[in-house]
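Here is the file data-v1.txt (compact mmCIF, C-alpha atoms and all ligand atoms).
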```
# COMPACT_ATOMS: atom_id res chain seq x y z
CA MET A 252 0.00 0.00 0.00
CA THR A 253 1.28 3.46 -0.71
CA ASP A 254 0.15 6.48 1.21
CA ASP A 255 1.65 9.95 1.38
CA ARG A 256 1.97 9.59 5.13
CA THR A 257 4.29 6.77 6.10
CA ALA A 258 5.85 6.44 9.56
CA ILE A 259 8.18 4.05 11.31
CA VAL A 260 7.31 3.21 14.92
CA SER A 261 9.89 1.33 16.99
CA GLY A 262 8.99 -0.56 20.14
CA ALA A 263 5.64 -1.35 18.53
CA ALA A 264 5.11 -4.66 20.37
CA SER A 265 4.41 -3.09 23.75
CA GLY A 266 3.51 -0.10 25.86
CA ILE A 267 3.97 3.38 24.40
CA GLY A 268 5.10 2.12 20.96
CA LEU A 269 2.01 -0.05 20.62
CA ALA A 270 -0.25 2.84 21.71
CA THR A 271 1.50 5.11 19.17
CA ALA A 272 0.97 2.56 16.41
CA ARG A 273 -2.75 2.41 17.28
CA ARG A 274 -3.07 6.21 17.20
CA LEU A 275 -1.25 6.65 13.89
CA ALA A 276 -3.05 3.75 12.21
CA ALA A 277 -6.40 5.27 13.24
CA GLN A 278 -5.28 8.57 11.65
CA GLY A 279 -4.60 6.82 8.33
CA TRP A 280 -0.81 6.57 8.44
CA THR A 281 0.91 3.69 6.68
CA LEU A 282 3.23 2.15 9.25
CA ALA A 283 6.44 0.19 9.52
CA LEU A 284 6.08 -1.49 12.90
CA VAL A 285 9.41 -2.42 14.39
CA ASP A 286 10.46 -4.41 17.43
CA LEU A 287 12.92 -7.15 18.35
CA ASP A 288 10.34 -9.84 17.57
CA ALA A 289 7.95 -9.49 14.62
CA ALA A 290 5.62 -12.20 16.01
CA ALA A 291 5.23 -10.20 19.22
CA VAL A 292 4.16 -7.14 17.19
CA LYS A 293 1.61 -9.19 15.23
CA GLU A 294 0.24 -10.65 18.45
CA ALA A 295 -0.02 -7.27 20.19
CA VAL A 296 -1.52 -5.19 17.39
CA ASP A 297 -5.32 -5.07 17.42
CA PHE A 298 -5.91 -3.21 14.13
CA PRO A 299 -5.77 -4.74 10.62
CA LEU A 300 -2.15 -5.09 9.50
CA GLU A 301 -2.97 -5.07 5.80
CA GLY A 302 -0.92 -2.38 4.06
CA HIS A 303 1.47 -2.03 6.99
CA LEU A 304 4.94 -3.55 7.32
CA VAL A 305 5.99 -5.52 10.39
CA ARG A 306 9.71 -6.03 10.72
CA ALA A 307 11.99 -7.51 13.37
CA THR A 308 14.76 -4.97 13.87
CA ASP A 309 17.22 -4.53 16.70
CA ILE A 310 17.73 -0.76 16.65
CA SER A 311 21.23 -1.18 18.11
CA ASP A 312 22.39 -3.18 15.06
CA PRO A 313 23.58 -0.95 12.17
CA ASP A 314 22.92 -3.56 9.46
CA GLN A 315 19.40 -4.25 10.70
CA VAL A 316 18.63 -0.53 10.84
CA SER A 317 19.91 0.14 7.31
CA GLY A 318 17.93 -2.91 6.13
CA LEU A 319 14.81 -1.41 7.70
CA PHE A 320 15.14 1.92 5.89
CA ALA A 321 15.88 0.14 2.59
CA GLN A 322 12.76 -2.00 2.94
CA VAL A 323 10.58 0.98 3.87
CA GLU A 324 11.84 2.89 0.83
CA ALA A 325 11.22 -0.09 -1.45
CA GLU A 326 7.81 -1.14 -0.14
CA LEU A 327 6.06 1.86 1.45
CA GLY A 328 5.42 5.46 0.45
CA PRO A 329 7.65 8.48 1.15
CA LEU A 330 8.72 8.46 4.79
CA LYS A 331 7.27 11.44 6.68
CA ALA A 332 7.90 10.44 10.31
CA VAL A 333 9.91 8.23 12.63
CA ALA A 334 8.76 7.61 16.19
CA ASN A 335 11.73 6.23 18.11
CA VAL A 336 9.93 4.68 21.06
CA ALA A 337 11.96 1.50 21.68
CA GLY A 338 14.09 1.57 24.78
CA LEU A 339 15.08 -0.50 27.75
CA THR A 340 15.88 -0.34 31.43
CA VAL A 341 17.50 -3.13 33.43
CA VAL A 342 17.40 -4.04 37.13
CA GLU A 343 21.22 -4.02 37.35
CA ASP A 344 21.30 -0.26 36.65
CA GLY A 345 21.50 1.98 39.73
CA ARG A 346 24.19 3.96 41.55
CA ILE A 347 27.27 4.38 39.36
CA GLU A 348 29.50 2.37 41.73
CA ASP A 349 27.19 -0.63 41.26
CA VAL A 350 26.82 -0.37 37.47
CA SER A 351 29.10 -2.58 35.39
CA LEU A 352 30.48 -1.39 32.08
CA GLU A 353 28.54 -4.19 30.41
CA VAL A 354 25.26 -2.85 31.82
CA PHE A 355 26.17 0.72 30.85
CA ASP A 356 27.02 -0.36 27.28
CA ARG A 357 23.81 -2.37 26.98
CA VAL A 358 21.50 0.43 28.10
CA VAL A 359 23.31 3.22 26.24
CA GLY A 360 23.69 0.87 23.25
CA VAL A 361 19.92 0.78 22.75
CA ASN A 362 18.61 4.05 24.20
CA LEU A 363 21.27 6.33 22.74
CA ARG A 364 23.38 4.49 20.15
CA GLY A 365 20.33 2.67 18.76
CA ASN A 366 18.40 5.90 18.38
CA PHE A 367 21.48 7.56 16.87
CA LEU A 368 21.35 4.85 14.18
CA MET A 369 17.60 5.32 13.68
CA CYS A 370 17.95 9.10 13.34
CA LYS A 371 20.91 8.70 10.99
CA GLY A 372 18.85 6.38 8.80
CA ALA A 373 15.84 8.71 8.94
CA ILE A 374 17.49 11.89 7.65
CA PRO A 375 18.03 10.92 3.97
CA ALA A 376 14.57 9.36 3.80
CA LEU A 377 12.85 12.43 5.28
CA ARG A 378 14.87 14.71 3.02
CA ALA A 379 13.73 12.71 -0.02
CA ALA A 380 10.14 13.20 1.13
CA GLY A 381 10.62 16.99 1.31
CA GLY A 382 10.86 17.06 5.10
CA GLY A 383 9.25 15.33 8.04
CA ALA A 384 9.51 14.62 11.73
CA ILE A 385 11.52 12.51 14.13
CA VAL A 386 10.10 12.06 17.62
CA ASN A 387 12.46 10.53 20.14
CA VAL A 388 11.16 9.17 23.42
CA GLY A 389 13.25 10.22 26.36
CA SER A 390 12.04 10.18 29.94
CA VAL A 391 11.81 12.41 32.97
CA ALA A 392 15.31 10.91 33.30
CA SER A 393 16.22 13.20 30.36
CA VAL A 394 15.72 16.20 32.66
CA LEU A 395 16.13 14.75 36.18
CA GLY A 396 18.77 12.59 37.86
CA THR A 397 16.27 9.96 38.99
CA GLY A 398 16.86 6.51 37.49
CA GLY A 399 19.91 4.31 37.04
CA ALA A 400 23.24 5.87 36.04
CA ALA A 401 23.19 4.23 32.61
CA TYR A 402 19.52 5.02 31.92
CA VAL A 403 19.85 8.69 32.98
CA SER A 404 23.00 9.05 30.86
CA SER A 405 21.29 7.52 27.84
CA LYS A 406 18.17 9.67 28.14
CA HIS A 407 20.07 12.93 28.73
CA GLY A 408 22.23 12.04 25.72
CA LEU A 409 19.11 11.53 23.63
CA ALA A 410 17.95 15.07 24.53
CA GLY A 411 21.25 16.42 23.22
CA LEU A 412 21.06 14.37 20.04
CA THR A 413 17.49 15.57 19.47
CA ARG A 414 18.45 19.23 19.79
CA GLN A 415 21.50 18.79 17.55
CA ILE A 416 19.42 17.20 14.79
CA ALA A 417 16.75 19.91 15.09
CA TYR A 418 19.42 22.60 14.81
CA ARG A 419 21.21 21.04 11.84
CA TYR A 420 18.18 20.09 9.74
CA ALA A 421 15.59 22.82 10.37
CA ALA A 422 16.53 24.46 7.06
CA GLU A 423 15.47 21.25 5.31
CA ASN A 424 12.11 21.16 7.11
CA ILE A 425 13.17 18.13 9.12
CA ARG A 426 11.94 18.44 12.70
CA CYS A 427 13.18 16.53 15.74
CA SER A 428 11.56 16.59 19.19
CA LEU A 429 11.78 14.71 22.47
CA VAL A 430 8.84 13.40 24.49
CA CYS A 431 9.68 12.67 28.12
CA PRO A 432 7.14 10.47 29.91
CA GLY A 433 6.92 10.24 33.65
CA PRO A 434 6.19 6.82 35.20
CA THR A 435 3.91 5.20 32.62
CA ASP A 436 1.66 2.18 32.96
CA THR A 437 3.58 -0.29 30.73
CA PRO A 438 5.61 -3.45 31.40
CA MET A 439 8.75 -1.29 31.80
CA ILE A 440 7.52 0.48 34.92
CA ALA A 441 7.62 -2.79 36.88
CA ILE A 442 11.38 -3.00 36.29
CA ALA A 443 11.92 0.61 37.37
CA ARG A 444 9.81 0.08 40.50
CA ALA A 445 11.78 -3.09 41.35
CA LYS A 446 14.95 -0.97 41.29
CA GLY A 447 13.40 1.63 43.58
CA THR A 448 14.31 4.41 41.16
CA VAL A 449 10.80 5.82 40.77
CA PRO A 450 10.59 8.52 43.42
CA ALA A 451 7.43 9.72 45.11
CA ALA A 452 6.56 13.01 43.44
CA PRO A 453 4.84 15.48 45.78
CA GLY A 454 2.77 18.01 43.90
CA ALA A 455 2.33 15.72 40.90
CA ILE A 456 -0.92 14.14 39.74
CA PRO A 457 -0.96 10.97 41.87
CA ARG A 458 -1.19 8.27 39.19
CA ASP A 459 0.90 6.77 36.43
CA VAL A 460 0.68 8.24 32.93
CA THR A 461 -1.12 5.96 30.46
CA ALA A 462 0.67 4.78 27.32
CA ASP A 463 -2.06 6.42 25.23
CA GLU A 464 -1.48 9.81 26.90
CA VAL A 465 2.13 9.67 25.71
CA ALA A 466 1.09 8.34 22.29
CA SER A 467 -1.30 11.26 21.76
CA PHE A 468 1.60 13.69 22.20
CA ILE A 469 3.77 11.71 19.79
CA ALA A 470 0.93 11.67 17.25
CA TYR A 471 0.61 15.46 17.57
CA LEU A 472 4.36 15.99 17.07
CA VAL A 473 4.60 13.90 13.89
CA GLY A 474 1.61 15.65 12.34
CA ASP A 475 1.21 18.90 10.42
CA ASP A 476 -0.31 20.69 13.43
CA ALA A 477 3.21 20.63 14.91
CA ALA A 478 4.84 22.05 11.76
CA MET A 479 6.69 24.73 13.79
CA VAL A 480 7.56 22.53 16.76
CA THR A 481 11.15 21.28 16.75
CA GLY A 482 14.16 21.01 19.02
CA SER A 483 11.97 21.01 22.10
CA VAL A 484 11.72 18.73 25.10
CA HIS A 485 8.16 17.94 26.19
CA VAL A 486 7.45 16.30 29.53
CA VAL A 487 4.26 14.26 29.95
CA ASP A 488 4.62 13.51 33.63
CA GLY A 489 1.69 14.90 35.62
CA GLY A 490 3.94 17.66 36.95
CA MET A 491 6.63 15.36 38.40
CA SER A 492 9.62 17.23 36.95
CA GLN A 493 8.57 20.76 37.98
CA HIS A 494 9.69 20.19 41.58
N1 LIG A 501 7.15 3.09 31.20
C1 LIG A 501 7.71 4.14 31.77
O1 LIG A 501 7.50 4.42 32.97
C2 LIG A 501 8.61 5.05 30.96
C3 LIG A 501 8.94 6.29 31.54
C4 LIG A 501 9.78 7.15 30.81
C5 LIG A 501 10.23 6.78 29.56
N2 LIG A 501 9.88 5.58 29.03
C6 LIG A 501 10.41 5.26 27.70
O2 LIG A 501 9.34 4.96 26.84
C7 LIG A 501 9.81 4.09 25.80
C8 LIG A 501 8.83 2.94 25.65
O3 LIG A 501 8.85 2.20 26.86
P1 LIG A 501 7.59 1.38 27.39
O4 LIG A 501 7.29 1.87 28.73
O5 LIG A 501 6.53 1.33 26.35
O6 LIG A 501 8.30 -0.05 27.58
P2 LIG A 501 7.96 -1.50 27.04
O7 LIG A 501 8.98 -2.36 27.69
O8 LIG A 501 6.51 -1.79 27.24
O9 LIG A 501 8.24 -1.39 25.47
C9 LIG A 501 9.52 -1.20 24.95
C10 LIG A 501 9.61 -1.95 23.63
O10 LIG A 501 10.89 -1.67 23.05
C11 LIG A 501 11.37 -2.87 22.49
N3 LIG A 501 12.82 -2.85 22.38
C12 LIG A 501 13.73 -2.88 23.39
N4 LIG A 501 14.96 -2.90 22.90
C13 LIG A 501 14.85 -2.88 21.54
C14 LIG A 501 15.78 -2.89 20.48
N5 LIG A 501 17.10 -2.97 20.71
N6 LIG A 501 15.32 -2.84 19.21
C15 LIG A 501 13.99 -2.79 18.97
N7 LIG A 501 13.06 -2.79 19.93
C16 LIG A 501 13.49 -2.84 21.21
C17 LIG A 501 10.90 -3.95 23.45
O11 LIG A 501 10.94 -5.25 22.86
C18 LIG A 501 9.51 -3.46 23.81
O12 LIG A 501 8.52 -4.02 22.95
C19 LIG A 501 11.23 3.68 26.19
O13 LIG A 501 12.16 4.45 25.44
C20 LIG A 501 11.30 4.05 27.67
O14 LIG A 501 12.62 4.32 28.08
C21 LIG A 501 9.07 4.71 29.70
```
Could the structure of this file be written out as structure tokens, please?
Ligand SMILES: NC(=O)c1ccc[n+]([C@@H]2O[C@H](COP(=O)([O-])OP(=O)(O)OC[C@H]3O[C@@H](n4cnc5c(N)ncnc54)[C@H](O)[C@@H]3O)[C@@H](O)[C@H]2O)c1
Amino acid sequence: MTDDRTAIVSGAASGIGLATARRLAAQGWTLALVDLDAAAVKEAVDFPLEGHLVRATDISDPDQVSGLFAQVEAELGPLKAVANVAGLTVVEDGRIEDVSLEVFDRVVGVNLRGNFLMCKGAIPALRAAGGGAIVNVGSVASVLGTGGAAYVSSKHGLAGLTRQIAYRYAAENIRCSLVCPGPTDTPMIAIARAKGTVPAAPGAIPRDVTADEVASFIAYLVGDDAAMVTGSVHVVDGGMSQH
């Protein structure tokens, strides 16, 4: 199927990525749905997959990422948006003195290096389409020090990468923004809570964010209503990061 609005969504098998896929599909986007396991995407998605592409891609693997962009170019319409939602947190991540280099490399390898590869792949495709949007998913850990040392480093780094891309490519009508969820009701939050790195947040709305509340912001940012929104960091956290 070809459509003049094609988007890639990573992390589409679960949580915020799945909610983003639902939102964009309902708005008529043609999607490339990406996660580590294609079968898990097909099992999770509850809208018709006809016309969409489902592809197993590890975003931290350069060959798999370039294969993804080649397949999207060959099989779908001009790429107008990339929602980089995939990410991970691990229980072994905490105070820096307790974090091994292996854990640091693993977390940064996906959350920062993986999204570096996805953004790098996106630029030529968005340029060919006459411009478009990248939305990276950070975290309140992009703006606060709460979270493990590796996770906080990766998410702060992603904020910097987002701003750098916005600065460099604005003249080509390529936008790049960061959405920073607070604690969100997905499978990932259980890992963060097990680590004890989700602080009580006085003065914040006393519930978790829903995946769909984050997805609605991502859907806004990739769309034409956000045509002048780029280089900015948007928290969706019930007020957690204002204190
Ligand atoms: N849930 C929260 O409380 C929370 C808070 C702040 C930020 N975030 C961020 O939101 C994003 C989505 O998280 P979620 O809560 O939906 O978690 P989730 O665990 O439900 O979903 C993450 C998805 O990313 C996929 N993924 C992981 N590594 C991958 C890789 N190398 N290549 C491709 N896919 C990969 C997983 O398989 C999974 O389907 C992440 O970037 C996360 O850091 C989540």
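Separating atom CA of Asp475 of chain A from atom CA of Gly381 of chain A is a distance of 13.2 Å.
Among A:Glu326, A:Asp476, A:Glu353, A:Asp312, the residue with the shortest atom-to-atom distance to ligand LIG 501 (chain A), counting only C-alpha atoms and all ligand atoms, is A:Asp312.
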Between A:Ala443, A:Ala325, A:Ala380, A:Val386, which has the minimum distance to ligand LIG 501 (chain A) (counting all atoms listed in the file)? A:Ala443
Give me, as a PDB file with C-alpha atoms, in the frame of the given file, the set of residues whose atoms come within 6 Å of any atom of ligand LIG 501 (chain A), counting all atoms listed in the file.
```pdb
ATOM      1  CA  SER A 261       9.890   1.330  16.990  1.00  0.00           C
ATOM      2  CA  GLY A 262       8.990  -0.560  20.140  1.00  0.00           C
ATOM      3  CA  ALA A 263       5.640  -1.350  18.530  1.00  0.00           C
ATOM      4  CA  ALA A 264       5.110  -4.660  20.370  1.00  0.00           C
ATOM      5  CA  SER A 265       4.410  -3.090  23.750  1.00  0.00           C
ATOM      6  CA  GLY A 266       3.510  -0.100  25.860  1.00  0.00           C
ATOM      7  CA  ILE A 267       3.970   3.380  24.400  1.00  0.00           C
ATOM      8  CA  GLY A 268       5.100   2.120  20.960  1.00  0.00           C
ATOM      9  CA  ASP A 286      10.460  -4.410  17.430  1.00  0.00           C
ATOM     10  CA  LEU A 287      12.920  -7.150  18.350  1.00  0.00           C
ATOM     11  CA  THR A 308      14.760  -4.970  13.870  1.00  0.00           C
ATOM     12  CA  ASP A 309      17.220  -4.530  16.700  1.00  0.00           C
ATOM     13  CA  ILE A 310      17.730  -0.760  16.650  1.00  0.00           C
ATOM     14  CA  SER A 311      21.230  -1.180  18.110  1.00  0.00           C
ATOM     15  CA  VAL A 336       9.930   4.680  21.060  1.00  0.00           C
ATOM     16  CA  ALA A 337      11.960   1.500  21.680  1.00  0.00           C
ATOM     17  CA  GLY A 338      14.090   1.570  24.780  1.00  0.00           C
ATOM     18  CA  LEU A 339      15.080  -0.500  27.750  1.00  0.00           C
ATOM     19  CA  VAL A 361      19.920   0.780  22.750  1.00  0.00           C
ATOM     20  CA  VAL A 388      11.160   9.170  23.420  1.00  0.00           C
ATOM     21  CA  GLY A 389      13.250  10.220  26.360  1.00  0.00           C
ATOM     22  CA  SER A 390      12.040  10.180  29.940  1.00  0.00           C
ATOM     23  CA  PRO A 432       7.140  10.470  29.910  1.00  0.00           C
ATOM     24  CA  GLY A 433       6.920  10.240  33.650  1.00  0.00           C
ATOM     25  CA  PRO A 434       6.190   6.820  35.200  1.00  0.00           C
ATOM     26  CA  THR A 435       3.910   5.200  32.620  1.00  0.00           C
ATOM     27  CA  ASP A 436       1.660   2.180  32.960  1.00  0.00           C
ATOM     28  CA  THR A 437       3.580  -0.290  30.730  1.00  0.00           C
ATOM     29  CA  PRO A 438       5.610  -3.450  31.400  1.00  0.00           C
ATOM     30  CA  MET A 439       8.750  -1.290  31.800  1.00  0.00           C
ATOM     31  CA  ILE A 440       7.520   0.480  34.920  1.00  0.00           C
TER      32      ILE A 440
END
```
Could you name the residues that touch Arg378 of chain A at 9 Å or less, counting all atoms listed in the file, but leaving out those on the same chain fewer than 2 positions away, as a count of residues only? 12
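Going from atom CA of Phe367 of chain A to atom CA of Leu412 of chain A covers 7.5 Å.
Distances to Val342 of chain A were evaluated for A:Gly489, A:Pro299, A:Gly365, A:Gly398 using all atoms listed in the file, and the minimum falls at A:Gly398.
A straight line drawn from atom CA of Val359 of chain A to atom CA of Ser405 of chain A is 5.0 Å long.
The shortest atom-to-atom distance to Tyr402 of chain A, with all atoms listed in the file taken into account, belongs to A:Asp344 out of A:Asp288, A:Asp344, A:Glu301, A:Glu324.
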So that I can see what lies close to Val391 of chain A, please list as a ChimeraX atom specification the residues with an atom at most 8 Å from it, counting only C-alpha atoms and leaving out residues fewer than 5 positions away in the same chain. /A:397,431-433,486,488,492
Go ahead and write the residues just picked, C-alpha atoms, as a PDB file, in the coordinates of the input.
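Wrote it out as result-v5.pdb, contents follow:
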```
ATOM      1  CA  THR A 397      16.270   9.960  38.990  1.00  0.00           C
ATOM      2  CA  CYS A 431       9.680  12.670  28.120  1.00  0.00           C
ATOM      3  CA  PRO A 432       7.140  10.470  29.910  1.00  0.00           C
ATOM      4  CA  GLY A 433       6.920  10.240  33.650  1.00  0.00           C
ATOM      5  CA  VAL A 486       7.450  16.300  29.530  1.00  0.00           C
ATOM      6  CA  ASP A 488       4.620  13.510  33.630  1.00  0.00           C
ATOM      7  CA  SER A 492       9.620  17.230  36.950  1.00  0.00           C
TER       8      SER A 492
END
```
For Ala455 of chain A, the nearest of the candidates A:Ile442, A:Ala410, A:Val487, A:Leu472, counting all atoms listed in the file: A:Val487
Counting only C-alpha atoms, which residues have an atom no more than 12 Å from (17.9, 23.0, 11.1) in the file's coordinates? Please list them as a PyMOL selection string. chain A and resi 374+378+382-384+413-427+479-482
Contacts of segment 279-283 of chain A within 8 Å, all atoms listed in the file, excl. fewer than 5 positions in-chain, as a PyMOL selection string: chain A and resi 252-254+256-260+272+302-306+323+327-328
Between A:Ala295, A:Thr271, A:Ser393, A:Leu368, which one has atoms that come closest to His485 of chain A, using all atoms listed in the file? A:Ser393
At a cut-off of 6 Å, using only C-alpha atoms, what residues contact Ile347 of chain A? Leave out same-chain residues fewer than 2 positions from it and give the result as a PyMOL selection string. chain A and resi 349-350+400
